[in-house]
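J.: mmCIF, C-alpha atoms and all ligand atoms, file run-v2.cif:
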```cif
data_structure
#
loop_
_atom_site.label_atom_id
_atom_site.label_comp_id
_atom_site.auth_asym_id
_atom_site.auth_seq_id
_atom_site.Cartn_x
_atom_site.Cartn_y
_atom_site.Cartn_z
CA MET A 1 0.00 0.00 0.00
CA LYS A 2 2.85 2.42 0.84
CA ASN A 3 4.35 2.01 -2.64
CA GLU A 4 0.93 2.41 -4.21
CA ILE A 5 0.57 5.76 -2.44
CA VAL A 6 4.10 7.01 -3.16
CA SER A 7 3.90 6.09 -6.84
CA GLN A 8 0.84 8.33 -7.23
CA ILE A 9 2.43 11.42 -5.64
CA THR A 10 4.12 13.83 -8.04
CA THR A 11 7.91 13.65 -7.88
CA GLU A 12 8.04 17.41 -7.12
CA CYS A 13 6.43 16.77 -3.75
CA PRO A 14 9.20 16.14 -1.18
CA TRP A 15 6.68 14.68 1.27
CA ARG A 16 6.63 11.44 -0.75
CA ASP A 17 10.07 10.72 0.75
CA THR A 18 8.95 11.07 4.35
CA LEU A 19 5.81 8.95 4.20
CA LEU A 20 5.19 6.47 7.01
CA TRP A 21 2.50 3.86 6.51
CA TYR A 22 0.75 1.85 9.25
CA GLU A 23 -1.62 -1.05 8.83
CA THR A 24 -3.18 -0.33 12.25
CA ILE A 25 -2.37 2.39 14.74
CA ASP A 26 -4.25 3.95 17.65
CA SER A 27 -4.28 7.41 16.08
CA THR A 28 -2.04 8.96 13.42
CA ASN A 29 -2.26 12.25 15.36
CA ASN A 30 -1.00 10.54 18.54
CA GLN A 31 1.87 8.88 16.69
CA ALA A 32 2.67 12.14 14.89
CA LYS A 33 3.01 13.87 18.27
CA ILE A 34 5.47 11.22 19.47
CA LEU A 35 7.53 11.58 16.30
CA ALA A 36 7.37 15.39 16.36
CA LYS A 37 8.72 15.40 19.93
CA ASP A 38 11.53 13.15 18.67
CA GLY A 39 12.40 15.84 16.11
CA VAL A 40 11.25 14.40 12.76
CA PRO A 41 11.26 17.00 9.97
CA HIS A 42 8.54 19.28 8.60
CA GLY A 43 6.43 17.37 6.08
CA THR A 44 6.59 13.97 7.74
CA VAL A 45 3.35 12.23 6.71
CA LEU A 46 1.68 9.32 8.51
CA VAL A 47 -1.03 7.28 6.80
CA ALA A 48 -2.97 4.43 8.39
CA GLN A 49 -5.29 1.84 6.93
CA LYS A 50 -7.16 1.59 10.24
CA GLN A 51 -7.12 3.41 13.62
CA SER A 52 -8.09 1.75 16.89
CA GLY A 53 -8.36 5.06 18.78
CA GLY A 54 -9.10 7.71 16.16
CA ARG A 55 -9.78 11.08 17.77
CA GLY A 56 -12.04 13.94 16.76
CA ARG A 57 -12.61 17.47 18.06
CA MET A 58 -13.66 18.12 21.63
CA GLY A 59 -12.49 14.75 22.90
CA ARG A 60 -14.82 12.76 20.66
CA SER A 61 -13.75 9.52 19.02
CA PHE A 62 -13.51 9.13 15.26
CA LEU A 63 -14.56 5.73 13.99
CA SER A 64 -11.73 4.53 11.75
CA PRO A 65 -12.28 1.07 10.22
CA THR A 66 -10.49 -0.27 7.14
CA GLY A 67 -11.90 1.48 4.10
CA GLY A 68 -11.13 5.01 5.20
CA VAL A 69 -8.01 7.13 4.76
CA TYR A 70 -6.47 8.37 8.02
CA LEU A 71 -3.60 10.77 7.63
CA SER A 72 -1.57 13.21 9.71
CA VAL A 73 1.21 15.53 8.64
CA ILE A 74 3.73 17.25 10.91
CA LEU A 75 4.35 20.92 10.09
CA ARG A 76 7.00 23.18 11.63
CA PRO A 77 6.02 26.63 10.41
CA ALA A 78 8.21 28.61 12.89
CA CYS A 79 5.59 31.24 13.63
CA THR A 80 3.46 32.22 16.60
CA PRO A 81 0.15 30.36 17.03
CA ASP A 82 -1.98 33.42 16.16
CA LYS A 83 -0.69 33.07 12.56
CA LEU A 84 -2.23 29.59 12.34
CA MET A 85 -5.79 30.29 13.44
CA HIS A 86 -6.97 29.40 9.93
CA LEU A 87 -5.13 26.05 9.80
CA THR A 88 -8.29 23.92 10.13
CA CYS A 89 -10.03 25.99 7.42
CA ALA A 90 -7.00 25.67 5.13
CA THR A 91 -6.97 21.91 5.70
CA ALA A 92 -10.67 21.70 4.87
CA VAL A 93 -10.12 23.51 1.56
CA ALA A 94 -7.21 21.17 0.76
CA GLY A 95 -9.28 18.13 1.77
CA CYS A 96 -12.11 19.16 -0.58
CA LYS A 97 -9.65 19.65 -3.46
CA ALA A 98 -8.08 16.25 -2.83
CA VAL A 99 -11.45 14.47 -2.85
CA GLU A 100 -12.45 16.32 -6.03
CA ASN A 101 -9.21 15.39 -7.80
CA ALA A 102 -9.13 11.75 -6.71
CA CYS A 103 -12.81 10.85 -6.60
CA GLY A 104 -14.68 13.34 -8.78
CA ILE A 105 -17.08 14.53 -6.09
CA SER A 106 -17.11 17.97 -4.55
CA PRO A 107 -17.65 17.99 -0.78
CA ASP A 108 -18.82 21.02 1.19
CA VAL A 109 -17.72 21.99 4.67
CA LYS A 110 -19.75 22.19 7.85
CA TRP A 111 -18.02 24.76 10.09
CA THR A 112 -15.34 24.23 11.00
CA ASN A 113 -13.92 20.80 10.43
CA ASP A 114 -16.41 18.43 8.79
CA LEU A 115 -16.37 17.52 5.09
CA VAL A 116 -19.93 16.75 4.05
CA VAL A 117 -21.76 15.45 1.02
CA GLY A 118 -25.53 15.43 0.70
CA ARG A 119 -26.24 16.21 4.38
CA LYS A 120 -23.90 13.47 5.62
CA LYS A 121 -20.38 13.54 7.05
CA LEU A 122 -17.67 12.32 4.67
CA GLY A 123 -14.70 13.15 6.87
CA GLY A 124 -13.25 15.26 9.62
CA ILE A 125 -10.17 17.28 10.53
CA LEU A 126 -8.26 17.56 13.79
CA THR A 127 -5.42 20.08 13.99
CA GLU A 128 -3.24 20.32 17.10
CA LEU A 129 -0.38 22.67 18.01
CA ALA A 130 2.53 22.51 20.45
CA LEU A 131 4.57 25.56 21.40
CA ASN A 132 8.20 25.80 22.44
CA GLY A 133 9.40 27.60 25.57
CA VAL A 134 9.20 31.06 23.98
CA GLY A 135 5.68 30.78 22.57
CA VAL A 136 6.62 29.87 18.99
CA VAL A 137 5.01 26.86 17.33
CA ASP A 138 7.25 23.82 17.77
CA TYR A 139 5.02 21.68 15.60
CA ALA A 140 1.49 21.52 14.21
CA ILE A 141 -0.24 18.22 13.54
CA VAL A 142 -2.76 18.30 10.73
CA GLY A 143 -5.00 15.21 10.90
CA ILE A 144 -7.66 14.31 8.38
CA GLY A 145 -9.83 11.24 7.99
CA ILE A 146 -12.00 10.54 4.94
CA ASN A 147 -14.49 7.72 4.53
CA CYS A 148 -13.46 6.20 1.23
CA CYS A 149 -14.74 2.70 0.47
CA GLN A 150 -17.09 1.89 3.32
CA GLN A 151 -20.61 0.80 2.34
CA SER A 152 -23.40 2.42 4.32
CA GLU A 153 -24.03 -0.89 6.16
CA ASP A 154 -20.40 -0.78 7.37
CA PHE A 155 -21.32 2.17 9.59
CA PRO A 156 -22.91 1.35 12.95
CA GLU A 157 -26.66 1.85 12.83
CA GLU A 158 -26.59 4.87 15.15
CA ILE A 159 -24.48 6.92 12.70
CA ARG A 160 -25.74 5.45 9.40
CA GLU A 161 -27.99 8.44 8.76
CA LEU A 162 -25.13 10.86 9.54
CA ALA A 163 -22.10 9.32 7.82
CA THR A 164 -21.24 8.57 4.22
CA SER A 165 -18.25 7.54 2.11
CA VAL A 166 -16.97 8.27 -1.39
CA GLN A 167 -18.14 4.84 -2.50
CA ALA A 168 -21.61 5.24 -0.97
CA VAL A 169 -21.98 8.61 -2.78
CA THR A 170 -20.63 7.63 -6.19
CA GLY A 171 -21.49 3.94 -6.29
CA ASN A 172 -17.94 3.35 -7.58
CA ALA A 173 -14.95 1.77 -5.89
CA CYS A 174 -12.40 4.43 -4.99
CA SER A 175 -8.79 3.58 -4.17
CA PRO A 176 -7.70 4.70 -0.68
CA ALA A 177 -4.11 4.89 -2.01
CA LYS A 178 -5.15 7.33 -4.74
CA LEU A 179 -7.09 9.44 -2.24
CA ALA A 180 -4.16 9.40 0.22
CA ALA A 181 -1.77 10.55 -2.54
CA SER A 182 -4.17 13.31 -3.54
CA LEU A 183 -4.49 14.44 0.08
CA ILE A 184 -0.72 14.57 0.51
CA GLU A 185 -0.31 16.73 -2.60
CA ALA A 186 -3.16 19.05 -1.64
CA LEU A 187 -1.77 19.47 1.90
CA TRP A 188 1.69 20.16 0.49
CA GLU A 189 0.20 22.91 -1.72
CA MET A 190 -1.73 24.21 1.30
CA ASP A 191 1.44 24.38 3.36
CA LYS A 192 3.17 26.50 0.72
CA ALA A 193 0.33 29.06 0.77
CA LEU A 194 -0.52 28.85 4.47
CA LEU A 195 1.20 31.96 5.82
CA SER A 196 1.29 34.12 2.68
CA GLN A 197 -2.22 33.60 1.25
CA LYS A 198 -4.49 33.62 4.25
CA ALA A 199 -7.18 35.85 2.68
CA GLU A 200 -7.40 33.68 -0.45
CA ILE A 201 -7.62 30.53 1.67
CA MET A 202 -10.43 32.02 3.74
CA ASP A 203 -12.28 33.13 0.57
CA ALA A 204 -12.10 29.54 -0.71
CA TYR A 205 -13.32 28.24 2.66
CA ARG A 206 -16.22 30.72 2.72
CA LYS A 207 -17.39 29.40 -0.68
CA LYS A 208 -17.41 25.84 0.65
CA CYS A 209 -18.94 26.53 4.07
CA ILE A 210 -22.60 25.51 4.07
CA THR A 211 -23.10 26.71 7.66
CA LEU A 212 -23.23 30.34 6.54
CA GLY A 213 -26.75 31.75 6.35
CA LYS A 214 -28.18 28.83 8.35
CA GLU A 215 -30.15 28.80 11.58
CA ILE A 216 -27.88 27.07 14.06
CA SER A 217 -27.56 25.91 17.65
CA VAL A 218 -24.32 26.79 19.41
CA LEU A 219 -23.39 24.23 22.06
CA ARG A 220 -20.99 25.16 24.82
CA GLY A 221 -20.84 22.50 27.55
CA GLU A 222 -24.44 22.13 28.74
CA SER A 223 -25.59 25.45 27.30
CA VAL A 224 -27.38 25.74 23.94
CA ARG A 225 -28.04 29.07 22.20
CA HIS A 226 -29.87 29.56 18.92
CA GLY A 227 -28.89 32.02 16.24
CA THR A 228 -27.98 32.59 12.60
CA ALA A 229 -24.50 32.03 11.16
CA LEU A 230 -23.75 35.33 9.42
CA ASP A 231 -20.13 35.21 8.30
CA LEU A 232 -16.59 34.10 9.08
CA ASP A 233 -13.92 36.40 10.43
CA GLU A 234 -10.39 36.43 9.01
CA ASP A 235 -9.27 33.63 11.35
CA GLY A 236 -12.21 31.32 10.61
CA GLY A 237 -14.27 32.32 13.67
CA LEU A 238 -18.03 32.12 13.06
CA VAL A 239 -19.94 35.39 13.35
CA VAL A 240 -23.32 34.51 14.89
CA ARG A 241 -26.40 36.68 15.49
CA PHE A 242 -28.13 35.13 18.51
CA SER A 243 -31.89 35.15 18.97
CA ASP A 244 -31.59 37.99 21.54
CA GLY A 245 -30.10 40.18 18.77
CA SER A 246 -26.51 40.11 20.07
CA GLU A 247 -23.69 39.30 17.66
CA LYS A 248 -20.60 37.38 18.64
CA VAL A 249 -17.68 35.56 17.02
CA VAL A 250 -17.48 31.98 18.25
CA THR A 251 -14.34 29.92 17.80
CA SER A 252 -14.07 26.23 17.10
CA GLY A 253 -12.06 25.58 20.26
CA GLU A 254 -14.93 26.62 22.52
CA VAL A 255 -18.17 25.53 20.87
CA SER A 256 -19.70 23.07 18.47
CA VAL A 257 -22.43 23.99 16.07
CA ARG A 258 -25.46 22.02 14.86
CA GLY A 259 -28.18 22.90 12.44
CA MET A 260 -31.34 23.90 14.31
CA TYR A 261 -33.09 20.70 13.19
CA GLY A 262 -30.22 18.24 12.71
CA TYR A 263 -26.56 17.72 11.96
CA LEU A 264 -26.33 20.35 9.19
C1 LIG B 1 -13.73 15.18 13.83
O1 LIG B 1 -14.56 14.62 13.13
O2 LIG B 1 -14.04 15.81 14.88
C2 LIG B 1 -12.29 15.15 13.43
C3 LIG B 1 -11.84 13.80 12.99
C4 LIG B 1 -10.36 13.76 12.64
C5 LIG B 1 -9.92 12.36 12.29
C6 LIG B 1 -8.51 12.29 11.81
S1 LIG B 1 -8.12 10.69 11.17
C7 LIG B 1 -6.43 11.05 11.16
C8 LIG B 1 -6.14 11.81 12.43
N1 LIG B 1 -5.95 10.90 13.53
C9 LIG B 1 -6.88 11.03 14.48
O3 LIG B 1 -6.93 10.36 15.53
N2 LIG B 1 -7.75 11.97 14.14
C10 LIG B 1 -7.42 12.55 12.85
#
```
Using structure tokens, write down the structure from this file.
T.:
Amino acid sequence: MKNEIVSQITTECPWRDTLLWYETIDSTNNQAKILAKDGVPHGTVLVAQKQSGGRGRMGRSFLSPTGGVYLSVILRPACTPDKLMHLTCATAVAGCKAVENACGISPDVKWTNDLVVGRKKLGGILTELALNGVGVVDYAIVGIGINCCQQSEDFPEEIRELATSVQAVTGNACSPAKLAASLIEALWEMDKALLSQKAEIMDAYRKKCITLGKEISVLRGESVRHGTALDLDEDGGLVVRFSDGSEKVVTSGEVSVRGMYGYL
């Protein structure tokens, strides 16, 4: 599988030389953290066929059976963390491009980190940062998981109405190796533009973000507030007008957002 991935990555992409492949791992993000602490270079990519402890945002688990693509890349951008507030949005734009290129379908994004097709979740993103002693980013882990060849009956019944895969959408077999290669190239392109083209990245994200204009519920711990998603700020924060008329920017670290009547 590793060779199948590497052979489909353009030779210009140096990340093809630092690819690590795992048949099963607890979480590519966890392993990436271990390797990053050990000092592996910028652009080290980890791909797994299956995760036994896949993690999502806000401490949730991310179901990761064979059939999906689970990938993390270690970045060392040598900047302060405020320069990377848009990292999850940039990853979402890259993830959409990769799925389009490899699979011929065009996902949308549910703010901030879900790739969706036809009201169902196709994949998710988990970005994590570590700082050094003087407040500069030591490393960033960009994790993305995409459901590739699962059939809808492969998902547990409780999430069958919420989750989908490339194969379930298109009816065609899609190669996880091809999708992994496409993701690696798209993330490499993203990395090159990350610090210099923030506004363009956020414009692309805005076009993909189906949350905008929707009636939403904002969940913070036990509290739920209703409002309308108006816009995104320059860092990817969601500008919400709440039902009491107040407007506030909410950030993905503090809240999760649901459609008023369901997942979207
Ligand atoms: C979410 O849905 O909240 C985010 C899911 C992120 C899943 C990816 S799969 C590769 C990487 N390893 C993990 O444990 N999580 C991310």
J.: Select, from A:Ala163, A:Cys174, A:Ile125, A:Ile184, the residue with the minimum atom-to-atom distance to Asp17 in chain A, counting all atoms listed in the file.
T.: A:Ile184
J.: Using only C-alpha atoms and all ligand atoms, which protein or nucleic acid residues are at most 7 Å from ligand LIG 1 (chain B), as a ChimeraX atom specification?
T.: /A:27-30,53-57,60,62,70-72,113-114,123-126,143-145
J.: Please produce an output containing C-alpha atoms for each residue in the selection, written as a PDB file, in the coordinates of the input.
T.:
```pdb
ATOM      1  CA  SER A  27      -4.280   7.410  16.080  1.00  0.00           C
ATOM      2  CA  THR A  28      -2.040   8.960  13.420  1.00  0.00           C
ATOM      3  CA  ASN A  29      -2.260  12.250  15.360  1.00  0.00           C
ATOM      4  CA  ASN A  30      -1.000  10.540  18.540  1.00  0.00           C
ATOM      5  CA  GLY A  53      -8.360   5.060  18.780  1.00  0.00           C
ATOM      6  CA  GLY A  54      -9.100   7.710  16.160  1.00  0.00           C
ATOM      7  CA  ARG A  55      -9.780  11.080  17.770  1.00  0.00           C
ATOM      8  CA  GLY A  56     -12.040  13.940  16.760  1.00  0.00           C
ATOM      9  CA  ARG A  57     -12.610  17.470  18.060  1.00  0.00           C
ATOM     10  CA  ARG A  60     -14.820  12.760  20.660  1.00  0.00           C
ATOM     11  CA  PHE A  62     -13.510   9.130  15.260  1.00  0.00           C
ATOM     12  CA  TYR A  70      -6.470   8.370   8.020  1.00  0.00           C
ATOM     13  CA  LEU A  71      -3.600  10.770   7.630  1.00  0.00           C
ATOM     14  CA  SER A  72      -1.570  13.210   9.710  1.00  0.00           C
ATOM     15  CA  ASN A 113     -13.920  20.800  10.430  1.00  0.00           C
ATOM     16  CA  ASP A 114     -16.410  18.430   8.790  1.00  0.00           C
ATOM     17  CA  GLY A 123     -14.700  13.150   6.870  1.00  0.00           C
ATOM     18  CA  GLY A 124     -13.250  15.260   9.620  1.00  0.00           C
ATOM     19  CA  ILE A 125     -10.170  17.280  10.530  1.00  0.00           C
ATOM     20  CA  LEU A 126      -8.260  17.560  13.790  1.00  0.00           C
ATOM     21  CA  GLY A 143      -5.000  15.210  10.900  1.00  0.00           C
ATOM     22  CA  ILE A 144      -7.660  14.310   8.380  1.00  0.00           C
ATOM     23  CA  GLY A 145      -9.830  11.240   7.990  1.00  0.00           C
TER      24      GLY A 145
END
```
J.: Here is a test: counting all atoms listed in the file, which residue of A:Cys103, A:Ala199, A:Lys178, A:Trp111 is nearest to Val250 in chain A?
T.: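 Nearest candidate to Val250 in chain A out of A:Cys103, A:Ala199, A:Lys178, A:Trp111: A:Trp111.
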J.: Using all atoms listed in the file for the distances, tell me which of A:Ala168, A:Val257, A:Ala78, A:Leu20 is nearest to Arg225 in chain A.
T.: A:Val257
J.: I'd like to know which of A:Ala130, A:Met85, A:Ile141, A:Met190 is closest to Asp233 in chain A, using only C-alpha atoms.
T.: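 Once distances to Asp233 in chain A are computed over only C-alpha atoms, the minimum belongs to A:Met85.
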J.: Write out as a PDB file with C-alpha atoms, in the frame of the given file the residues lying within 9 Å of Pro176 in chain A, counting only C-alpha atoms and excluding same-chain residues fewer than 3 positions away.
T.:
```pdb
ATOM      1  CA  ILE A   5       0.570   5.760  -2.440  1.00  0.00           C
ATOM      2  CA  GLN A  49      -5.290   1.840   6.930  1.00  0.00           C
ATOM      3  CA  GLY A  67     -11.900   1.480   4.100  1.00  0.00           C
ATOM      4  CA  GLY A  68     -11.130   5.010   5.200  1.00  0.00           C
ATOM      5  CA  VAL A  69      -8.010   7.130   4.760  1.00  0.00           C
ATOM      6  CA  CYS A 148     -13.460   6.200   1.230  1.00  0.00           C
ATOM      7  CA  CYS A 149     -14.740   2.700   0.470  1.00  0.00           C
ATOM      8  CA  LEU A 179      -7.090   9.440  -2.240  1.00  0.00           C
ATOM      9  CA  ALA A 180      -4.160   9.400   0.220  1.00  0.00           C
ATOM     10  CA  ALA A 181      -1.770  10.550  -2.540  1.00  0.00           C
TER      11      ALA A 181
END
```
J.: Using only C-alpha atoms, which of A:Trp188, A:Met202, A:Asp108, A:Val142 sits nearest Ala32 in chain A?
T.: A:Val142
J.: List the spatial neighbours of Lys50 in chain A as a ChimeraX atom specification - criterion: any atom at most 6 Å away, only C-alpha atoms, same-chain residues fewer than 4 positions off excluded.
T.: /A:24,64-66
J.: My list of candidates is A:Val116, A:Ala229, A:Val166, A:Ala36. Which is closest to Gln151 in chain A when distances are computed with only C-alpha atoms?
T.: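 Once distances to Gln151 in chain A are computed over only C-alpha atoms, the minimum belongs to A:Val166.
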J.: May I ask for the distance between CA of Glu4 in chain A and CA of Lys120 in chain A, given in Å to one decimal place?
T.: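 Atom-to-atom, CA of Glu4 in chain A and CA of Lys120 in chain A are spaced 28.9 Å apart.
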J.: For CA of Ser152 in chain A and CA of Leu122 in chain A, determine how far apart the two atoms are, in Å to one decimal place.
T.: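 Separation between CA of Ser152 in chain A and CA of Leu122 in chain A: 11.4 Å.
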J.: What does the distance from CA of Val224 in chain A to CA of Leu162 in chain A come to in Å, to one decimal?
T.: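 Those two atoms sit 20.8 Å apart.
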